[in-house]
>>> print(open('protein13.txt').read())   # compact mmCIF, C-alpha atoms and all ligand atoms
# COMPACT_ATOMS: atom_id res chain seq x y z
CA MET M 28 13.62 -31.00 35.24
CA SER M 29 14.28 -27.25 35.27
CA SER M 30 16.93 -27.69 32.56
CA LEU M 31 14.19 -29.09 30.29
CA ILE M 32 11.58 -26.47 31.13
CA SER M 33 13.83 -23.46 30.82
CA PRO M 34 14.63 -23.70 27.08
CA LEU M 35 10.96 -24.31 26.31
CA VAL M 36 9.86 -21.22 28.22
CA THR M 37 12.55 -19.12 26.56
CA TRP M 38 11.53 -20.47 23.16
CA ARG M 39 7.84 -19.68 23.64
CA TRP M 40 8.59 -16.12 24.77
CA THR M 41 10.99 -15.65 21.89
CA LEU M 42 8.26 -16.78 19.50
CA LEU M 43 5.91 -14.24 21.07
CA ALA M 44 8.46 -11.44 20.80
CA SER M 45 9.38 -12.34 17.25
CA TYR M 46 5.88 -12.59 15.87
CA ASN M 47 4.77 -9.50 17.79
CA LYS M 48 7.12 -7.64 15.49
CA THR M 49 5.93 -9.17 12.25
CA MET M 50 2.35 -10.35 12.48
CA ASP M 51 -0.96 -8.60 12.73
CA SER M 52 -2.53 -10.90 15.31
CA PRO M 53 0.40 -11.81 17.57
CA LYS M 54 -1.59 -13.53 20.30
CA GLU M 55 -3.36 -15.84 17.89
CA THR M 56 -0.22 -16.39 15.84
CA THR M 57 1.91 -17.26 18.85
CA THR M 58 -0.65 -19.78 20.00
CA GLN M 59 -0.72 -21.28 16.52
CA TRP M 60 3.09 -21.52 16.27
CA SER M 61 3.50 -23.10 19.69
CA GLN M 62 0.87 -25.65 18.84
CA TYR M 63 2.29 -26.10 15.35
CA TYR M 64 5.73 -27.01 16.71
CA ALA M 65 4.26 -29.29 19.38
CA ILE M 66 2.14 -31.09 16.78
CA THR M 67 4.69 -31.35 13.97
CA GLN M 68 7.57 -32.63 16.07
CA VAL M 69 5.75 -35.97 16.31
CA GLN M 70 4.47 -35.97 12.73
CA PRO M 71 6.02 -37.93 9.86
CA PRO M 72 8.18 -36.09 7.34
CA SER M 73 6.60 -34.22 4.45
CA PRO M 74 5.23 -36.46 1.66
CA LEU M 75 6.45 -33.85 -0.84
CA LEU M 76 9.99 -34.24 0.48
CA LEU M 77 9.71 -38.03 0.18
CA GLU M 78 8.65 -37.56 -3.45
CA ALA M 79 11.55 -35.18 -4.12
CA LEU M 80 14.03 -37.68 -2.69
CA GLU M 81 13.17 -40.04 -5.54
CA TYR M 82 15.06 -37.63 -7.83
CA ILE M 83 18.28 -37.80 -5.80
CA SER M 84 20.48 -40.84 -6.30
CA THR M 85 23.22 -40.06 -3.77
CA PRO M 86 22.74 -38.20 -0.47
CA GLY M 87 24.92 -35.13 -0.06
CA LYS M 88 24.61 -31.68 1.45
CA ALA M 89 21.06 -30.47 2.02
CA ILE M 90 19.43 -27.38 3.47
CA ASP M 91 16.12 -27.45 5.35
CA ILE M 92 14.78 -23.91 4.97
CA GLY M 93 12.48 -23.10 7.89
CA SER M 94 13.25 -26.37 9.63
CA GLY M 95 10.73 -25.82 12.45
CA ALA M 96 10.46 -28.86 14.71
CA LEU M 97 12.98 -30.76 12.53
CA LYS M 98 10.66 -33.46 11.20
CA ASP M 99 12.18 -33.23 7.71
CA THR M 100 15.72 -32.57 8.93
CA LYS M 101 15.60 -35.80 10.96
CA LEU M 102 14.53 -37.83 7.94
CA LEU M 103 17.34 -36.37 5.84
CA ILE M 104 19.94 -37.14 8.50
CA GLU M 105 18.62 -40.70 8.76
CA LYS M 106 19.07 -40.96 5.00
CA SER M 107 22.72 -39.86 5.35
CA PHE M 108 22.36 -36.27 4.15
CA ASP M 109 24.50 -33.59 5.76
CA VAL M 110 21.87 -31.04 6.78
CA THR M 111 21.94 -27.32 7.40
CA ALA M 112 18.75 -26.55 9.35
CA LEU M 113 17.90 -22.87 8.85
CA ASP M 114 15.30 -21.15 11.01
CA SER M 115 14.96 -17.77 12.67
CA GLU M 116 13.64 -19.32 15.87
CA PRO M 117 15.84 -20.73 18.64
CA LEU M 118 15.98 -24.51 18.54
CA PRO M 119 14.55 -26.23 21.63
CA ILE M 120 17.37 -28.46 22.86
CA GLU M 121 15.08 -31.44 23.41
CA LEU M 122 14.33 -31.63 19.68
CA THR M 123 17.97 -32.42 18.96
CA VAL M 124 18.29 -35.39 21.31
CA GLY M 125 19.63 -38.43 19.46
CA LEU M 126 20.52 -36.52 16.28
CA ASP M 127 23.82 -37.39 14.62
CA SER M 128 25.55 -34.08 15.34
CA SER M 129 28.18 -34.67 12.66
CA ARG M 130 25.41 -34.37 10.03
CA PHE M 131 23.36 -31.63 11.71
CA HIS M 132 24.20 -27.94 11.29
CA PRO M 133 21.57 -25.64 12.80
CA VAL M 134 21.69 -21.97 11.81
CA MET M 135 19.46 -19.48 13.59
CA THR M 136 18.86 -16.54 11.31
CA SER M 137 16.29 -15.16 8.89
CA PHE M 138 16.25 -16.42 5.31
CA ALA M 139 17.12 -12.93 4.10
CA SER M 140 20.17 -12.71 6.39
CA PHE M 141 21.57 -16.14 5.56
CA ASP M 142 24.55 -16.19 3.24
CA PHE M 143 23.46 -19.08 0.99
CA PRO M 144 26.71 -20.66 -0.31
CA ALA M 145 26.92 -20.97 -4.09
CA SER M 146 26.50 -24.40 -5.76
CA LYS M 147 26.65 -26.34 -2.49
CA TYR M 148 23.46 -28.33 -1.95
CA CYS M 149 22.01 -31.33 -3.74
CA LEU M 150 18.69 -30.62 -2.00
CA ALA M 151 16.89 -27.51 -0.77
CA ASN M 152 13.75 -28.32 1.21
CA ALA M 153 11.34 -25.47 2.06
CA MET M 154 8.12 -26.86 3.50
CA TYR M 155 5.53 -24.23 4.47
CA SER M 156 8.25 -21.72 5.20
CA LEU M 157 9.03 -19.39 2.28
CA PRO M 158 5.61 -17.65 2.32
CA PHE M 159 6.59 -16.28 5.74
CA ASN M 160 9.43 -14.35 4.11
CA PRO M 161 8.37 -10.71 3.58
CA PRO M 162 7.66 -9.55 0.00
CA ASP M 163 10.49 -7.02 -0.14
CA SER M 164 13.22 -9.68 0.05
CA PHE M 165 11.35 -12.69 -1.34
CA ASN M 166 12.68 -12.76 -4.91
CA ASP M 167 16.25 -12.21 -3.75
CA VAL M 168 15.99 -15.06 -1.22
CA PHE M 169 14.44 -17.38 -3.81
CA ALA M 170 17.18 -16.60 -6.35
CA ARG M 171 19.89 -17.18 -3.74
CA ILE M 172 18.38 -20.57 -2.85
CA VAL M 173 18.46 -21.56 -6.53
CA ALA M 174 22.07 -20.37 -6.79
CA SER M 175 22.98 -22.50 -3.76
CA LEU M 176 21.98 -25.69 -5.60
CA ARG M 177 24.57 -27.80 -7.36
CA PRO M 178 23.86 -28.68 -10.99
CA GLY M 179 21.24 -31.45 -10.82
CA GLY M 180 20.21 -30.33 -7.33
CA VAL M 181 16.56 -30.54 -6.30
CA PHE M 182 14.45 -27.76 -4.75
CA CYS M 183 11.12 -28.70 -3.18
CA GLY M 184 8.60 -26.83 -1.11
CA ASN M 185 5.40 -24.83 -1.07
CA LEU M 186 4.33 -21.33 -1.93
CA PHE M 187 1.03 -19.70 -1.01
CA GLY M 188 -1.42 -18.48 -3.65
CA THR M 189 -3.12 -15.12 -3.82
CA ARG M 190 -6.47 -16.58 -2.73
CA ASP M 191 -5.04 -17.94 0.50
CA GLN M 192 -6.97 -16.53 3.45
CA TRP M 193 -3.85 -15.13 5.11
CA GLN M 194 -3.36 -12.90 2.08
CA LEU M 195 -6.15 -10.73 3.52
CA ASP M 196 -4.43 -9.73 6.75
CA ARG M 197 -0.75 -10.71 6.72
CA PRO M 198 1.15 -8.10 4.75
CA ARG M 199 4.51 -9.46 5.94
CA MET M 200 3.87 -12.75 4.16
CA THR M 201 4.30 -13.36 0.40
CA PHE M 202 1.64 -14.77 -1.94
CA HIS M 203 1.90 -15.67 -5.61
CA THR M 204 -0.22 -16.18 -8.70
CA ARG M 205 0.42 -19.34 -10.75
CA GLU M 206 2.18 -17.20 -13.36
CA GLN M 207 4.48 -15.74 -10.72
CA VAL M 208 5.32 -19.21 -9.44
CA MET M 209 6.17 -20.33 -12.97
CA THR M 210 8.43 -17.29 -13.37
CA LEU M 211 10.21 -18.12 -10.10
CA LEU M 212 10.81 -21.68 -11.32
CA SER M 213 11.68 -20.71 -14.89
CA GLY M 214 15.43 -21.26 -14.49
CA LEU M 215 14.81 -24.81 -13.29
CA GLU M 216 13.31 -27.98 -14.70
CA THR M 217 9.90 -28.23 -13.07
CA LEU M 218 9.26 -31.84 -12.04
CA LYS M 219 6.03 -31.10 -10.20
CA LEU M 220 3.79 -28.06 -9.80
CA ASP M 221 0.59 -28.84 -7.98
CA GLU M 222 -1.84 -25.99 -7.24
CA LYS M 223 -4.35 -26.74 -4.48
CA GLU M 224 -7.22 -24.76 -2.98
CA TRP M 225 -9.46 -25.97 -0.18
CA ASP M 226 -11.28 -25.05 2.99
CA GLY M 227 -9.51 -26.67 5.89
CA SER M 228 -7.85 -25.71 9.11
CA THR M 229 -4.45 -24.79 10.45
CA ALA M 230 -2.38 -27.32 12.41
CA ALA M 231 -3.85 -25.73 15.53
CA GLY M 232 -7.38 -26.38 14.28
CA THR M 233 -8.39 -22.85 13.24
CA PRO M 234 -10.57 -22.87 10.08
CA LYS M 235 -8.70 -21.50 7.08
CA HIS M 236 -9.02 -21.23 3.30
CA TRP M 237 -5.81 -22.56 1.79
CA HIS M 238 -4.35 -21.83 -1.64
CA THR M 239 -0.97 -23.43 -2.15
CA PHE M 240 1.54 -24.51 -4.78
CA ASP M 241 3.60 -27.65 -4.12
CA PHE M 242 6.69 -27.77 -6.29
CA ILE M 243 9.66 -29.98 -7.04
CA ALA M 244 12.23 -28.57 -9.42
CA LYS M 245 15.66 -29.56 -10.60
CA LYS M 246 18.60 -27.33 -11.49
C1 LIG J 1 5.08 -23.36 9.19
S1 LIG J 1 6.65 -23.61 9.90
C2 LIG J 1 7.20 -24.99 8.91
C3 LIG J 1 8.22 -25.81 9.63
C4 LIG J 1 8.64 -27.08 8.91
N1 LIG J 1 9.24 -26.80 7.61
C5 LIG J 1 7.46 -28.01 8.74
O1 LIG J 1 7.06 -28.30 7.60
O2 LIG J 1 6.93 -28.46 9.74
C6 LIG J 1 7.62 -22.26 9.24
C7 LIG J 1 9.01 -22.18 9.85
O3 LIG J 1 9.74 -21.17 9.16
C8 LIG J 1 10.37 -20.32 10.10
N2 LIG J 1 10.44 -18.99 9.48
C9 LIG J 1 9.39 -18.23 9.10
N3 LIG J 1 9.82 -17.09 8.53
C10 LIG J 1 11.18 -17.15 8.56
C11 LIG J 1 12.20 -16.27 8.09
N4 LIG J 1 11.92 -15.12 7.47
N5 LIG J 1 13.48 -16.64 8.27
C12 LIG J 1 13.79 -17.83 8.89
N6 LIG J 1 12.85 -18.69 9.35
C13 LIG J 1 11.57 -18.35 9.18
C14 LIG J 1 9.51 -20.36 11.35
O4 LIG J 1 10.24 -20.06 12.50
C15 LIG J 1 9.00 -21.79 11.33
O5 LIG J 1 9.84 -22.66 12.04
>>> encode(input="protein13.txt", output="structure tokens")
Amino acid sequence: MSSLISPLVTWRWTLLASYNKTMDSPKETTTQWSQYYAITQVQPPSPLLLEALEYISTPGKAIDIGSGALKDTKLLIEKSFDVTALDSEPLPIELTVGLDSSRFHPVMTSFASFDFPASKYCLANAMYSLPFNPPDSFNDVFARIVASLRPGGVFCGNLFGTRDQWQLDRPRMTFHTREQVMTLLSGLETLKLDEKEWDGSTAAGTPKHWHTFDFIAKK
């Protein structure tokens, strides 16, 4: 039993330490992240990812950018992709139980520090992750993700809009206007760009005004 508890405790404290450094409300944020991981590990994969997969005829190398509790990574492995799961947080060992390790390549580092290989992936999946990259390195990270796609490769994910509530008090996150999103995607063929704005709640149940852009684009 202690071998199961220990990684979880380490993980939660690492989350606390990490977000203490980067967020304005660390206590609230840590609670939200812990709950977010606990909730999403039993959730189905992202519908946007399922939609993006319709544009890929043959599974190949994929990268899950901000892989979190691995709900999308697991789907991709099941569908015979070879998946690099990139996240700055340590991976709780229990989330990897039963995964085909020959197709699963976890990398624990920040997006900005990762050396995205050129022209490697047929799919880059970034669900609710890139907005957490700080503004000073955002454009460079985004360009390096695009460069890591093979010709015909698909990039899907979400960005946060400038009217998102977190824009008010999270200076280490990055928010975009529609025009800025279109500029980011301008080197790609945009297959979907869906701007949404609504009053809802976070995964942890905290009320929040959301402003997001869902995108699917092809190189
Ligand atoms: C909201 S969660 C989304 C997780 C998963 N994609 C999903 O849809 O459930 C964001 C994830 O991105 C990771 N993350 C945030 N900022 C990061 C950064 N700068 N570098 C690497 N990972 C980061 C977090 O640790 C977290 O696992």
>>> closest_atom_pairs(input="protein13.txt", of="chain M", to="ligand LIG 1 (chain J)", cutoff="7 Å", atoms="all atoms listed in the file", output="CSV")
residue,atom,partner,partner_atom,distance
M:Thr67,CA,J:LIG1,O2,5.6
M:Ser73,CA,J:LIG1,O1,6.7
M:Ile92,CA,J:LIG1,N1,6.8
M:Gly93,CA,J:LIG1,O3,3.6
M:Ser94,CA,J:LIG1,N1,4.5
M:Gly95,CA,J:LIG1,O5,3.3
M:Ala96,CA,J:LIG1,O2,6.1
M:Leu97,CA,J:LIG1,C4,6.7
M:Lys98,CA,J:LIG1,O2,6.4
M:Leu113,CA,J:LIG1,C12,6.5
M:Asp114,CA,J:LIG1,N6,3.8
M:Ser115,CA,J:LIG1,C12,4.0
M:Glu116,CA,J:LIG1,O4,4.8
M:Thr136,CA,J:LIG1,C12,5.8
M:Ser137,CA,J:LIG1,N5,3.2
M:Phe138,CA,J:LIG1,N5,4.1
M:Ala139,CA,J:LIG1,N4,6.6
M:Ala153,CA,J:LIG1,N1,6.1
M:Met154,CA,J:LIG1,N1,4.3
M:Tyr155,CA,J:LIG1,C2,4.8
M:Ser156,CA,J:LIG1,C6,4.1
M:Leu157,CA,J:LIG1,N3,6.7
M:Phe159,CA,J:LIG1,N3,4.3
M:Asn160,CA,J:LIG1,N4,4.3
M:Pro161,CA,J:LIG1,N4,6.9
>>> closest_residue(input="protein13.txt", among="M:Val110, M:Ile104, M:Leu80, M:Leu126", to="Phe182 in chain M", atoms="only C-alpha atoms")
M:Leu80
>>> atom_distance(input="protein13.txt", atom1="CA of Thr100 in chain M", atom2="CA of Leu220 in chain M")
22.7 Å
>>> residues_around(input="protein13.txt", residues="Gly87 in chain M", least_positions_apart="4", cutoff="10 Å", atoms="only C-alpha atoms", output="list in words")
Ile83, Leu103, Lys106, Ser107, Phe108, Asp109, Val110, Lys147, Tyr148, Cys149, Leu150 and Gly180 of chain M
>>> closest_residue(input="protein13.txt", among="M:Asp241, M:Asp196, M:Asp99, M:Asp191", to="Lys219 in chain M", atoms="only C-alpha atoms")
M:Asp241
>>> atom_distance(input="protein13.txt", atom1="CA of Val208 in chain M", atom2="CA of Val173 in chain M")
13.7 Å
>>> closest_residue(input="protein13.txt", among="M:Val181, M:Ala151, M:Phe242, M:Phe143", to="Glu81 in chain M", atoms="all atoms listed in the file")
M:Val181
>>> atom_distance(input="protein13.txt", atom1="CA of Ser213 in chain M", atom2="CA of Ala244 in chain M")
9.6 Å
>>> closest_residue(input="protein13.txt", among="M:Ser146, M:Thr204, M:Gln68, M:Gln62", to="Phe187 in chain M", atoms="only C-alpha atoms")
M:Thr204
>>> closest_residue(input="protein13.txt", among="M:His236, M:Leu212, M:Ala231, M:Ile120", to="Ala65 in chain M", atoms="all atoms listed in the file")
M:Ala231
>>> residues_near_point(input="protein13.txt", point="(-4.2, -22.0, -9.3)", cutoff="12 Å", atoms="all atoms listed in the file", output="ChimeraX atom specification")
/M:186-191,202-209,220-225,237-241
>>> closest_residue(input="protein13.txt", among="M:Met200, M:Ala230, M:Leu77, M:Leu215", to="Ser164 in chain M", atoms="all atoms listed in the file")
M:Met200
>>> decode(input="protein13.txt", residues="range 214-242 of chain M", atoms="N, CA and C atoms", output="tab-separated table (two decimals), in the first residue's frame")
chain	number	residue	atom	x	y	z
M	214	GLY	N	0.48	29.58	-40.95
M	214	GLY	CA	1.33	28.70	-41.78
M	214	GLY	C	0.72	27.33	-42.00
M	215	LEU	N	-0.47	27.12	-41.48
M	215	LEU	CA	-1.13	25.81	-41.56
M	215	LEU	C	-2.46	25.94	-42.27
M	216	GLU	N	-2.99	24.82	-42.69
M	216	GLU	CA	-4.37	24.81	-43.23
M	216	GLU	C	-5.32	24.63	-42.04
M	217	THR	N	-6.14	25.66	-41.79
M	217	THR	CA	-7.04	25.57	-40.64
M	217	THR	C	-8.27	24.73	-41.02
M	218	LEU	N	-8.44	23.62	-40.32
M	218	LEU	CA	-9.57	22.72	-40.58
M	218	LEU	C	-10.74	23.05	-39.68
M	219	LYS	N	-10.43	23.63	-38.52
M	219	LYS	CA	-11.48	24.03	-37.59
M	219	LYS	C	-10.94	25.15	-36.71
M	220	LEU	N	-11.74	26.19	-36.51
M	220	LEU	CA	-11.42	27.22	-35.53
M	220	LEU	C	-12.73	27.66	-34.89
M	221	ASP	N	-12.93	27.22	-33.68
M	221	ASP	CA	-14.21	27.39	-33.02
M	221	ASP	C	-14.01	28.23	-31.75
M	222	GLU	N	-14.48	29.48	-31.81
M	222	GLU	CA	-14.37	30.37	-30.65
M	222	GLU	C	-15.60	30.19	-29.76
M	223	LYS	N	-15.37	30.03	-28.46
M	223	LYS	CA	-16.49	29.81	-27.53
M	223	LYS	C	-16.33	30.74	-26.34
M	224	GLU	N	-17.45	31.18	-25.80
M	224	GLU	CA	-17.42	32.02	-24.60
M	224	GLU	C	-18.66	31.69	-23.78
M	225	TRP	N	-18.45	31.35	-22.51
M	225	TRP	CA	-19.59	30.96	-21.69
M	225	TRP	C	-19.24	31.06	-20.20
M	226	ASP	N	-20.29	31.18	-19.40
M	226	ASP	CA	-20.12	31.11	-17.95
M	226	ASP	C	-20.31	29.66	-17.53
M	227	GLY	N	-19.28	29.13	-16.92
M	227	GLY	CA	-19.33	27.73	-16.50
M	227	GLY	C	-18.56	27.55	-15.22
M	228	SER	N	-17.86	26.46	-15.14
M	228	SER	CA	-17.06	26.20	-13.95
M	228	SER	C	-15.82	25.41	-14.34
M	229	THR	N	-14.84	25.42	-13.47
M	229	THR	CA	-13.64	24.61	-13.69
M	229	THR	C	-13.98	23.15	-13.40
M	230	ALA	N	-13.04	22.25	-13.72
M	230	ALA	CA	-13.27	20.83	-13.44
M	230	ALA	C	-13.53	20.61	-11.96
M	231	ALA	N	-12.94	21.48	-11.14
M	231	ALA	CA	-13.12	21.34	-9.69
M	231	ALA	C	-14.42	21.96	-9.20
M	232	GLY	N	-15.16	22.60	-10.10
M	232	GLY	CA	-16.47	23.15	-9.73
M	232	GLY	C	-16.48	24.62	-9.38
M	233	THR	N	-15.34	25.31	-9.52
M	233	THR	CA	-15.30	26.74	-9.24
M	233	THR	C	-15.91	27.51	-10.42
M	234	PRO	N	-16.84	28.44	-10.16
M	234	PRO	CA	-17.43	29.21	-11.27
M	234	PRO	C	-16.34	29.97	-12.04
M	235	LYS	N	-16.49	29.99	-13.37
M	235	LYS	CA	-15.47	30.67	-14.19
M	235	LYS	C	-16.08	31.12	-15.51
M	236	HIS	N	-15.66	32.29	-15.99
M	236	HIS	CA	-16.02	32.73	-17.33
M	236	HIS	C	-14.94	32.22	-18.29
M	237	TRP	N	-15.36	31.44	-19.25
M	237	TRP	CA	-14.43	30.83	-20.21
M	237	TRP	C	-14.48	31.57	-21.54
M	238	HIS	N	-13.34	31.70	-22.17
M	238	HIS	CA	-13.24	32.21	-23.55
M	238	HIS	C	-12.13	31.39	-24.20
M	239	THR	N	-12.52	30.53	-25.12
M	239	THR	CA	-11.55	29.58	-25.68
M	239	THR	C	-11.62	29.54	-27.20
M	240	PHE	N	-10.56	29.02	-27.79
M	240	PHE	CA	-10.51	28.72	-29.22
M	240	PHE	C	-10.12	27.25	-29.36
M	241	ASP	N	-11.00	26.45	-29.95
M	241	ASP	CA	-10.65	25.07	-30.31
M	241	ASP	C	-10.13	25.10	-31.74
M	242	PHE	N	-9.02	24.45	-31.99
M	242	PHE	CA	-8.52	24.44	-33.37
M	242	PHE	C	-8.04	23.06	-33.79
